[in-house]
Amino acid sequence: MHKIAINIKVVLFSCTEKSVLVFLHKDALPKGEPLIDESIDGAVKRIVQKTAGIQLKDDYIEQLYTYSSLEKGIRQVTVTYYVLIPYFCFHDSAYSFWHELSHVKIIHAEKKIIDYAVQRLQWKLEYTNVVYSLLQEQFTLGDLQRIYEAILNKSLDKRNFRKKILSLKLLKPTSSIRKGEKSRPARLYSFIKRHPVITNIFS
């Protein structure tokens, strides 16, 4: 019977209006081992807090997959996750650890994890509201569309996107208006539910 060691690797995503960002700690994905009395999800939150300085609350967390290898008589089991956080919550000291997805230079094994996490996230956007985890509490419809476009890596028709999103009853208008931009003042919206909801975003 081989000894078993459990390792956790986390793909931490955020998003600007133009690009998807991934967090790298010492040019690698955040990683660690669960404590004896700690759940795997609890370990993910602790690892993110320790490496990125971010305390996860209602941020979206999903397990990707698990793989194992035998090294020096020890069965190494690695559990991979991805986490979505809004861009505004970074600490100033952490900005240098965030990299545009297209510029990431990392070992092949971890690049495969990131690539699969991106694919899973793209799929998830098609039938859930998990994009809430990448936005502030209040946002414009333009903000929302740009996040979708950055992740899906394609342009969306403004009129059709807004018509579809508003028809799904996922958002509620607030009493606030954003001013000071090049375009006319824009109404701010918020998600009715800041937890995963299944819906047909692009049906």
# chains A, B, ... in the order shown; residues from 1 in each chain; ligands from 1
>>> residues_around(residues="range 65-73 of chain A", least_positions_apart="3", cutoff="10 Å", atoms="only C-alpha atoms", output="VMD selection string")
chain A and resid 1 to 9 62 76 to 81 113 116 to 117
>>> write_last_selection(atoms="N, CA and C atoms", output="mmCIF file, in the first residue's frame")
data_model
loop_
_atom_site.group_PDB
_atom_site.id
_atom_site.type_symbol
_atom_site.label_atom_id
_atom_site.label_comp_id
_atom_site.auth_asym_id
_atom_site.auth_seq_id
_atom_site.Cartn_x
_atom_site.Cartn_y
_atom_site.Cartn_z
ATOM 1 N N MET A 1 0.844 -1.192 0.000
ATOM 2 C CA MET A 1 0.000 0.000 0.000
ATOM 3 C C MET A 1 0.883 1.247 0.000
ATOM 4 N N HIS A 2 0.709 2.089 -0.989
ATOM 5 C CA HIS A 2 1.493 3.317 -1.083
ATOM 6 C C HIS A 2 0.930 4.392 -0.157
ATOM 7 N N LYS A 3 1.810 5.213 0.359
ATOM 8 C CA LYS A 3 1.369 6.398 1.084
ATOM 9 C C LYS A 3 0.745 7.370 0.088
ATOM 10 N N ILE A 4 -0.205 8.166 0.570
ATOM 11 C CA ILE A 4 -0.898 9.120 -0.301
ATOM 12 C C ILE A 4 -0.649 10.542 0.180
ATOM 13 N N ALA A 5 -0.279 11.405 -0.744
ATOM 14 C CA ALA A 5 -0.105 12.830 -0.450
ATOM 15 C C ALA A 5 -1.063 13.617 -1.340
ATOM 16 N N ILE A 6 -1.842 14.509 -0.733
ATOM 17 C CA ILE A 6 -2.811 15.309 -1.482
ATOM 18 C C ILE A 6 -2.267 16.715 -1.699
ATOM 19 N N ASN A 7 -2.266 17.140 -2.944
ATOM 20 C CA ASN A 7 -1.827 18.489 -3.307
ATOM 21 C C ASN A 7 -2.968 19.224 -3.999
ATOM 22 N N ILE A 8 -2.994 20.524 -3.840
ATOM 23 C CA ILE A 8 -4.034 21.354 -4.455
ATOM 24 C C ILE A 8 -3.371 22.418 -5.321
ATOM 25 N N LYS A 9 -3.886 22.597 -6.535
ATOM 26 C CA LYS A 9 -3.430 23.685 -7.403
ATOM 27 C C LYS A 9 -4.640 24.523 -7.798
ATOM 28 N N GLU A 62 -14.731 26.286 -8.323
ATOM 29 C CA GLU A 62 -15.142 25.020 -8.928
ATOM 30 C C GLU A 62 -13.954 24.076 -9.045
ATOM 31 N N GLN A 76 1.019 10.628 -5.317
ATOM 32 C CA GLN A 76 0.747 12.063 -5.301
ATOM 33 C C GLN A 76 -0.585 12.327 -6.006
ATOM 34 N N VAL A 77 -1.556 12.776 -5.242
ATOM 35 C CA VAL A 77 -2.878 13.089 -5.787
ATOM 36 C C VAL A 77 -3.028 14.608 -5.842
ATOM 37 N N THR A 78 -3.244 15.137 -7.030
ATOM 38 C CA THR A 78 -3.378 16.583 -7.207
ATOM 39 C C THR A 78 -4.816 16.926 -7.581
ATOM 40 N N VAL A 79 -5.413 17.811 -6.806
ATOM 41 C CA VAL A 79 -6.779 18.279 -7.044
ATOM 42 C C VAL A 79 -6.697 19.709 -7.573
ATOM 43 N N THR A 80 -7.278 19.955 -8.736
ATOM 44 C CA THR A 80 -7.188 21.279 -9.352
ATOM 45 C C THR A 80 -8.523 22.019 -9.258
ATOM 46 N N TYR A 81 -8.429 23.312 -9.054
ATOM 47 C CA TYR A 81 -9.605 24.180 -8.935
ATOM 48 C C TYR A 81 -9.408 25.425 -9.784
ATOM 49 N N ILE A 113 -3.438 22.845 -17.284
ATOM 50 C CA ILE A 113 -4.479 23.087 -16.285
ATOM 51 C C ILE A 113 -5.179 24.409 -16.575
ATOM 52 N N TYR A 116 -7.436 24.199 -19.686
ATOM 53 C CA TYR A 116 -8.691 23.497 -19.428
ATOM 54 C C TYR A 116 -9.621 24.347 -18.569
ATOM 55 N N ALA A 117 -9.058 25.088 -17.620
ATOM 56 C CA ALA A 117 -9.868 25.974 -16.784
ATOM 57 C C ALA A 117 -10.550 27.046 -17.634
#
>>> closest_residue(among="A:Leu144, A:Leu101, A:Val44, A:Leu21", to="Asn129 in chain A", atoms="only C-alpha atoms")
A:Leu144
>>> atom_distance(atom1="CA of Trp123 in chain A", atom2="CA of Gln136 in chain A")
21.9 Å
>>> select_by_dssp(residues="chain A", states="helix (DSSP H, G or I)", output="VMD selection string")
chain A and resid 40 to 52 87 to 89 92 to 97 101 to 103 108 to 127 130 to 134 141 to 152 158 to 167
>>> residues_around(residues="Val118 in chain A", least_positions_apart="4", cutoff="12 Å", atoms="only C-alpha atoms", output="PDB file with N, CA and C atoms, in the first residue's frame")
ATOM      1  N   VAL A  11      -6.220  27.701 -10.137  1.00  0.00           N
ATOM      2  CA  VAL A  11      -6.177  28.686 -11.217  1.00  0.00           C
ATOM      3  C   VAL A  11      -7.057  29.853 -10.780  1.00  0.00           C
ATOM      4  N   LEU A  12      -6.437  30.965 -10.503  1.00  0.00           N
ATOM      5  CA  LEU A  12      -7.144  32.146 -10.000  1.00  0.00           C
ATOM      6  C   LEU A  12      -7.320  33.130 -11.154  1.00  0.00           C
ATOM      7  N   PHE A  13      -8.580  33.312 -11.575  1.00  0.00           N
ATOM      8  CA  PHE A  13      -8.888  34.172 -12.716  1.00  0.00           C
ATOM      9  C   PHE A  13      -9.474  35.503 -12.272  1.00  0.00           C
ATOM     10  N   SER A  14      -9.142  36.541 -13.017  1.00  0.00           N
ATOM     11  CA  SER A  14      -9.861  37.801 -12.950  1.00  0.00           C
ATOM     12  C   SER A  14      -9.984  38.303 -14.379  1.00  0.00           C
ATOM     13  N   CYS A  15     -10.600  39.463 -14.554  1.00  0.00           N
ATOM     14  CA  CYS A  15     -10.829  39.931 -15.912  1.00  0.00           C
ATOM     15  C   CYS A  15     -10.933  41.446 -15.960  1.00  0.00           C
ATOM     16  N   VAL A  20      -8.360  38.476 -20.028  1.00  0.00           N
ATOM     17  CA  VAL A  20      -8.451  37.572 -18.886  1.00  0.00           C
ATOM     18  C   VAL A  20      -7.093  37.546 -18.197  1.00  0.00           C
ATOM     19  N   LEU A  21      -7.099  37.594 -16.873  1.00  0.00           N
ATOM     20  CA  LEU A  21      -5.873  37.576 -16.088  1.00  0.00           C
ATOM     21  C   LEU A  21      -5.798  36.307 -15.258  1.00  0.00           C
ATOM     22  N   VAL A  22      -4.586  35.805 -15.053  1.00  0.00           N
ATOM     23  CA  VAL A  22      -4.368  34.646 -14.198  1.00  0.00           C
ATOM     24  C   VAL A  22      -3.261  34.980 -13.202  1.00  0.00           C
ATOM     25  N   LEU A  64     -11.871  21.361 -10.888  1.00  0.00           N
ATOM     26  CA  LEU A  64     -11.668  21.019 -12.294  1.00  0.00           C
ATOM     27  C   LEU A  64     -11.546  19.513 -12.487  1.00  0.00           C
ATOM     28  N   TYR A  81      -8.429  23.312  -9.054  1.00  0.00           N
ATOM     29  CA  TYR A  81      -9.605  24.180  -8.935  1.00  0.00           C
ATOM     30  C   TYR A  81      -9.408  25.425  -9.784  1.00  0.00           C
ATOM     31  N   TYR A  82     -10.521  26.085 -10.102  1.00  0.00           N
ATOM     32  CA  TYR A  82     -10.407  27.462 -10.583  1.00  0.00           C
ATOM     33  C   TYR A  82     -11.341  28.349  -9.773  1.00  0.00           C
ATOM     34  N   VAL A  83     -10.936  29.606  -9.619  1.00  0.00           N
ATOM     35  CA  VAL A  83     -11.651  30.580  -8.796  1.00  0.00           C
ATOM     36  C   VAL A  83     -11.786  31.872  -9.592  1.00  0.00           C
ATOM     37  N   LEU A  84     -12.936  32.523  -9.479  1.00  0.00           N
ATOM     38  CA  LEU A  84     -13.184  33.789 -10.172  1.00  0.00           C
ATOM     39  C   LEU A  84     -13.289  34.922  -9.164  1.00  0.00           C
ATOM     40  N   LEU A 101      -3.623  36.376 -19.911  1.00  0.00           N
ATOM     41  CA  LEU A 101      -3.624  34.959 -20.281  1.00  0.00           C
ATOM     42  C   LEU A 101      -2.757  34.688 -21.502  1.00  0.00           C
ATOM     43  N   SER A 102      -2.776  35.595 -22.453  1.00  0.00           N
ATOM     44  CA  SER A 102      -2.014  35.394 -23.690  1.00  0.00           C
ATOM     45  C   SER A 102      -0.511  35.526 -23.484  1.00  0.00           C
ATOM     46  N   LYS A 111       0.314  24.773 -17.644  1.00  0.00           N
ATOM     47  CA  LYS A 111      -0.361  25.457 -18.753  1.00  0.00           C
ATOM     48  C   LYS A 111      -1.569  24.653 -19.207  1.00  0.00           C
ATOM     49  N   LYS A 112      -1.470  23.333 -19.173  1.00  0.00           N
ATOM     50  CA  LYS A 112      -2.598  22.484 -19.535  1.00  0.00           C
ATOM     51  C   LYS A 112      -3.758  22.677 -18.564  1.00  0.00           C
ATOM     52  N   ILE A 113      -3.438  22.845 -17.284  1.00  0.00           N
ATOM     53  CA  ILE A 113      -4.479  23.087 -16.285  1.00  0.00           C
ATOM     54  C   ILE A 113      -5.179  24.409 -16.575  1.00  0.00           C
ATOM     55  N   ILE A 114      -4.394  25.447 -16.860  1.00  0.00           N
ATOM     56  CA  ILE A 114      -4.961  26.762 -17.161  1.00  0.00           C
ATOM     57  C   ILE A 114      -5.838  26.698 -18.406  1.00  0.00           C
ATOM     58  N   GLN A 122     -15.455  29.096 -20.184  1.00  0.00           N
ATOM     59  CA  GLN A 122     -16.207  29.475 -21.386  1.00  0.00           C
ATOM     60  C   GLN A 122     -17.504  28.679 -21.481  1.00  0.00           C
ATOM     61  N   TRP A 123     -17.439  27.392 -21.214  1.00  0.00           N
ATOM     62  CA  TRP A 123     -18.655  26.572 -21.219  1.00  0.00           C
ATOM     63  C   TRP A 123     -19.636  27.059 -20.156  1.00  0.00           C
ATOM     64  N   LYS A 124     -19.096  27.369 -18.984  1.00  0.00           N
ATOM     65  CA  LYS A 124     -19.936  27.766 -17.857  1.00  0.00           C
ATOM     66  C   LYS A 124     -20.701  29.048 -18.156  1.00  0.00           C
ATOM     67  N   LEU A 125     -20.074  29.951 -18.884  1.00  0.00           N
ATOM     68  CA  LEU A 125     -20.732  31.220 -19.202  1.00  0.00           C
ATOM     69  C   LEU A 125     -21.946  31.029 -20.100  1.00  0.00           C
ATOM     70  N   ALA A 150     -14.220  39.275 -23.409  1.00  0.00           N
ATOM     71  CA  ALA A 150     -12.831  38.954 -23.064  1.00  0.00           C
ATOM     72  C   ALA A 150     -12.654  37.454 -22.845  1.00  0.00           C
ATOM     73  N   ILE A 151     -13.600  36.839 -22.153  1.00  0.00           N
ATOM     74  CA  ILE A 151     -13.484  35.412 -21.839  1.00  0.00           C
ATOM     75  C   ILE A 151     -13.765  34.542 -23.063  1.00  0.00           C
ATOM     76  N   LEU A 152     -14.798  34.893 -23.806  1.00  0.00           N
ATOM     77  CA  LEU A 152     -15.163  34.107 -24.983  1.00  0.00           C
ATOM     78  C   LEU A 152     -14.272  34.414 -26.181  1.00  0.00           C
ATOM     79  N   ASN A 153     -13.509  35.495 -26.077  1.00  0.00           N
ATOM     80  CA  ASN A 153     -12.575  35.907 -27.135  1.00  0.00           C
ATOM     81  C   ASN A 153     -13.300  36.151 -28.460  1.00  0.00           C
TER      82      ASN A 153
END
>>> atom_distance(atom1="CA of Tyr189 in chain A", atom2="CA of Lys57 in chain A")
20.5 Å
>>> decode(residues="range 78-196 of chain A", atoms="C-alpha atoms", output="mmCIF file, in the first residue's frame")
data_model
loop_
_atom_site.group_PDB
_atom_site.id
_atom_site.type_symbol
_atom_site.label_atom_id
_atom_site.label_comp_id
_atom_site.auth_asym_id
_atom_site.auth_seq_id
_atom_site.Cartn_x
_atom_site.Cartn_y
_atom_site.Cartn_z
ATOM 1 C CA THR A 78 -3.378 16.583 -7.207
ATOM 2 C CA VAL A 79 -6.779 18.279 -7.044
ATOM 3 C CA THR A 80 -7.188 21.279 -9.352
ATOM 4 C CA TYR A 81 -9.605 24.180 -8.935
ATOM 5 C CA TYR A 82 -10.407 27.462 -10.583
ATOM 6 C CA VAL A 83 -11.651 30.580 -8.796
ATOM 7 C CA LEU A 84 -13.184 33.789 -10.172
ATOM 8 C CA ILE A 85 -12.588 37.132 -8.481
ATOM 9 C CA PRO A 86 -13.341 40.738 -9.487
ATOM 10 C CA TYR A 87 -10.487 42.916 -10.661
ATOM 11 C CA PHE A 88 -11.101 45.691 -8.124
ATOM 12 C CA CYS A 89 -10.260 43.601 -5.046
ATOM 13 C CA PHE A 90 -6.521 43.202 -5.721
ATOM 14 C CA HIS A 91 -4.051 44.563 -3.217
ATOM 15 C CA ASP A 92 -1.601 47.000 -4.826
ATOM 16 C CA SER A 93 1.298 44.738 -3.904
ATOM 17 C CA ALA A 94 -0.268 41.838 -5.828
ATOM 18 C CA TYR A 95 -0.637 43.474 -9.258
ATOM 19 C CA SER A 96 2.718 42.186 -10.477
ATOM 20 C CA PHE A 97 1.547 38.597 -9.947
ATOM 21 C CA TRP A 98 -1.355 38.945 -12.372
ATOM 22 C CA HIS A 99 -0.639 38.128 -16.003
ATOM 23 C CA GLU A 100 -2.653 38.434 -19.183
ATOM 24 C CA LEU A 101 -3.624 34.959 -20.281
ATOM 25 C CA SER A 102 -2.014 35.394 -23.690
ATOM 26 C CA HIS A 103 1.332 36.275 -22.070
ATOM 27 C CA VAL A 104 1.547 33.472 -19.512
ATOM 28 C CA LYS A 105 4.852 31.585 -19.467
ATOM 29 C CA ILE A 106 4.642 28.519 -17.276
ATOM 30 C CA ILE A 107 5.604 24.847 -17.262
ATOM 31 C CA HIS A 108 3.661 22.698 -19.719
ATOM 32 C CA ALA A 109 1.799 20.653 -17.093
ATOM 33 C CA GLU A 110 0.390 23.767 -15.428
ATOM 34 C CA LYS A 111 -0.361 25.457 -18.753
ATOM 35 C CA LYS A 112 -2.598 22.484 -19.535
ATOM 36 C CA ILE A 113 -4.479 23.087 -16.285
ATOM 37 C CA ILE A 114 -4.961 26.762 -17.161
ATOM 38 C CA ASP A 115 -6.105 25.959 -20.698
ATOM 39 C CA TYR A 116 -8.691 23.497 -19.428
ATOM 40 C CA ALA A 117 -9.868 25.974 -16.784
ATOM 41 C CA VAL A 118 -10.415 28.582 -19.511
ATOM 42 C CA GLN A 119 -12.392 26.068 -21.545
ATOM 43 C CA ARG A 120 -14.533 25.144 -18.551
ATOM 44 C CA LEU A 121 -15.159 28.803 -17.792
ATOM 45 C CA GLN A 122 -16.207 29.475 -21.386
ATOM 46 C CA TRP A 123 -18.655 26.572 -21.219
ATOM 47 C CA LYS A 124 -19.936 27.766 -17.857
ATOM 48 C CA LEU A 125 -20.732 31.220 -19.202
ATOM 49 C CA GLU A 126 -23.086 29.699 -21.755
ATOM 50 C CA TYR A 127 -25.512 28.244 -19.210
ATOM 51 C CA THR A 128 -24.921 29.934 -15.830
ATOM 52 C CA ASN A 129 -24.559 33.382 -14.278
ATOM 53 C CA VAL A 130 -21.098 32.776 -12.745
ATOM 54 C CA VAL A 131 -19.822 35.931 -14.428
ATOM 55 C CA TYR A 132 -21.172 37.702 -11.306
ATOM 56 C CA SER A 133 -17.969 36.646 -9.542
ATOM 57 C CA LEU A 134 -15.861 38.753 -11.913
ATOM 58 C CA LEU A 135 -17.823 41.970 -11.436
ATOM 59 C CA GLN A 136 -18.297 44.553 -8.727
ATOM 60 C CA GLU A 137 -21.638 44.658 -6.917
ATOM 61 C CA GLN A 138 -22.820 47.322 -9.380
ATOM 62 C CA PHE A 139 -21.878 47.509 -13.051
ATOM 63 C CA THR A 140 -23.101 48.718 -16.424
ATOM 64 C CA LEU A 141 -24.374 46.467 -19.182
ATOM 65 C CA GLY A 142 -21.293 47.550 -21.110
ATOM 66 C CA ASP A 143 -19.060 46.257 -18.299
ATOM 67 C CA LEU A 144 -20.884 42.940 -18.392
ATOM 68 C CA GLN A 145 -20.636 42.575 -22.163
ATOM 69 C CA ARG A 146 -16.919 43.348 -22.181
ATOM 70 C CA ILE A 147 -16.280 40.613 -19.589
ATOM 71 C CA TYR A 148 -18.128 38.088 -21.754
ATOM 72 C CA GLU A 149 -16.198 39.191 -24.825
ATOM 73 C CA ALA A 150 -12.831 38.954 -23.064
ATOM 74 C CA ILE A 151 -13.484 35.412 -21.839
ATOM 75 C CA LEU A 152 -15.163 34.107 -24.983
ATOM 76 C CA ASN A 153 -12.575 35.907 -27.135
ATOM 77 C CA LYS A 154 -15.157 37.229 -29.569
ATOM 78 C CA SER A 155 -17.315 40.292 -30.154
ATOM 79 C CA LEU A 156 -21.018 40.260 -29.284
ATOM 80 C CA ASP A 157 -23.746 42.336 -30.857
ATOM 81 C CA LYS A 158 -24.603 45.055 -28.344
ATOM 82 C CA ARG A 159 -28.338 45.195 -29.004
ATOM 83 C CA ASN A 160 -28.877 41.421 -29.035
ATOM 84 C CA PHE A 161 -26.697 40.890 -25.963
ATOM 85 C CA ARG A 162 -28.578 43.439 -23.879
ATOM 86 C CA LYS A 163 -31.978 42.196 -25.009
ATOM 87 C CA LYS A 164 -31.073 38.610 -24.103
ATOM 88 C CA ILE A 165 -29.441 39.404 -20.747
ATOM 89 C CA LEU A 166 -32.331 41.573 -19.572
ATOM 90 C CA SER A 167 -34.884 38.938 -20.637
ATOM 91 C CA LEU A 168 -33.311 36.349 -18.325
ATOM 92 C CA LYS A 169 -34.253 38.282 -15.162
ATOM 93 C CA LEU A 170 -30.774 37.809 -13.694
ATOM 94 C CA LEU A 171 -30.187 41.526 -13.177
ATOM 95 C CA LYS A 172 -31.954 44.362 -11.449
ATOM 96 C CA PRO A 173 -31.441 48.063 -12.193
ATOM 97 C CA THR A 174 -30.148 50.191 -9.345
ATOM 98 C CA SER A 175 -30.907 53.848 -8.700
ATOM 99 C CA SER A 176 -27.311 54.764 -9.566
ATOM 100 C CA ILE A 177 -25.933 56.209 -12.788
ATOM 101 C CA ARG A 178 -22.291 56.141 -13.891
ATOM 102 C CA LYS A 179 -21.166 59.478 -15.250
ATOM 103 C CA GLY A 180 -17.913 60.887 -16.552
ATOM 104 C CA GLU A 181 -17.366 58.458 -19.431
ATOM 105 C CA LYS A 182 -17.127 59.317 -23.128
ATOM 106 C CA SER A 183 -20.598 57.963 -23.792
ATOM 107 C CA ARG A 184 -23.807 59.130 -22.156
ATOM 108 C CA PRO A 185 -24.445 58.303 -18.464
ATOM 109 C CA ALA A 186 -25.114 54.590 -17.980
ATOM 110 C CA ARG A 187 -27.489 52.857 -15.599
ATOM 111 C CA LEU A 188 -25.844 50.569 -13.044
ATOM 112 C CA TYR A 189 -27.182 47.065 -12.501
ATOM 113 C CA SER A 190 -26.590 44.310 -9.965
ATOM 114 C CA PHE A 191 -27.188 40.564 -9.963
ATOM 115 C CA ILE A 192 -30.370 39.466 -8.220
ATOM 116 C CA LYS A 193 -28.520 36.390 -6.966
ATOM 117 C CA ARG A 194 -24.775 36.277 -6.371
ATOM 118 C CA HIS A 195 -24.523 32.523 -6.473
ATOM 119 C CA PRO A 196 -24.600 30.086 -9.416
#
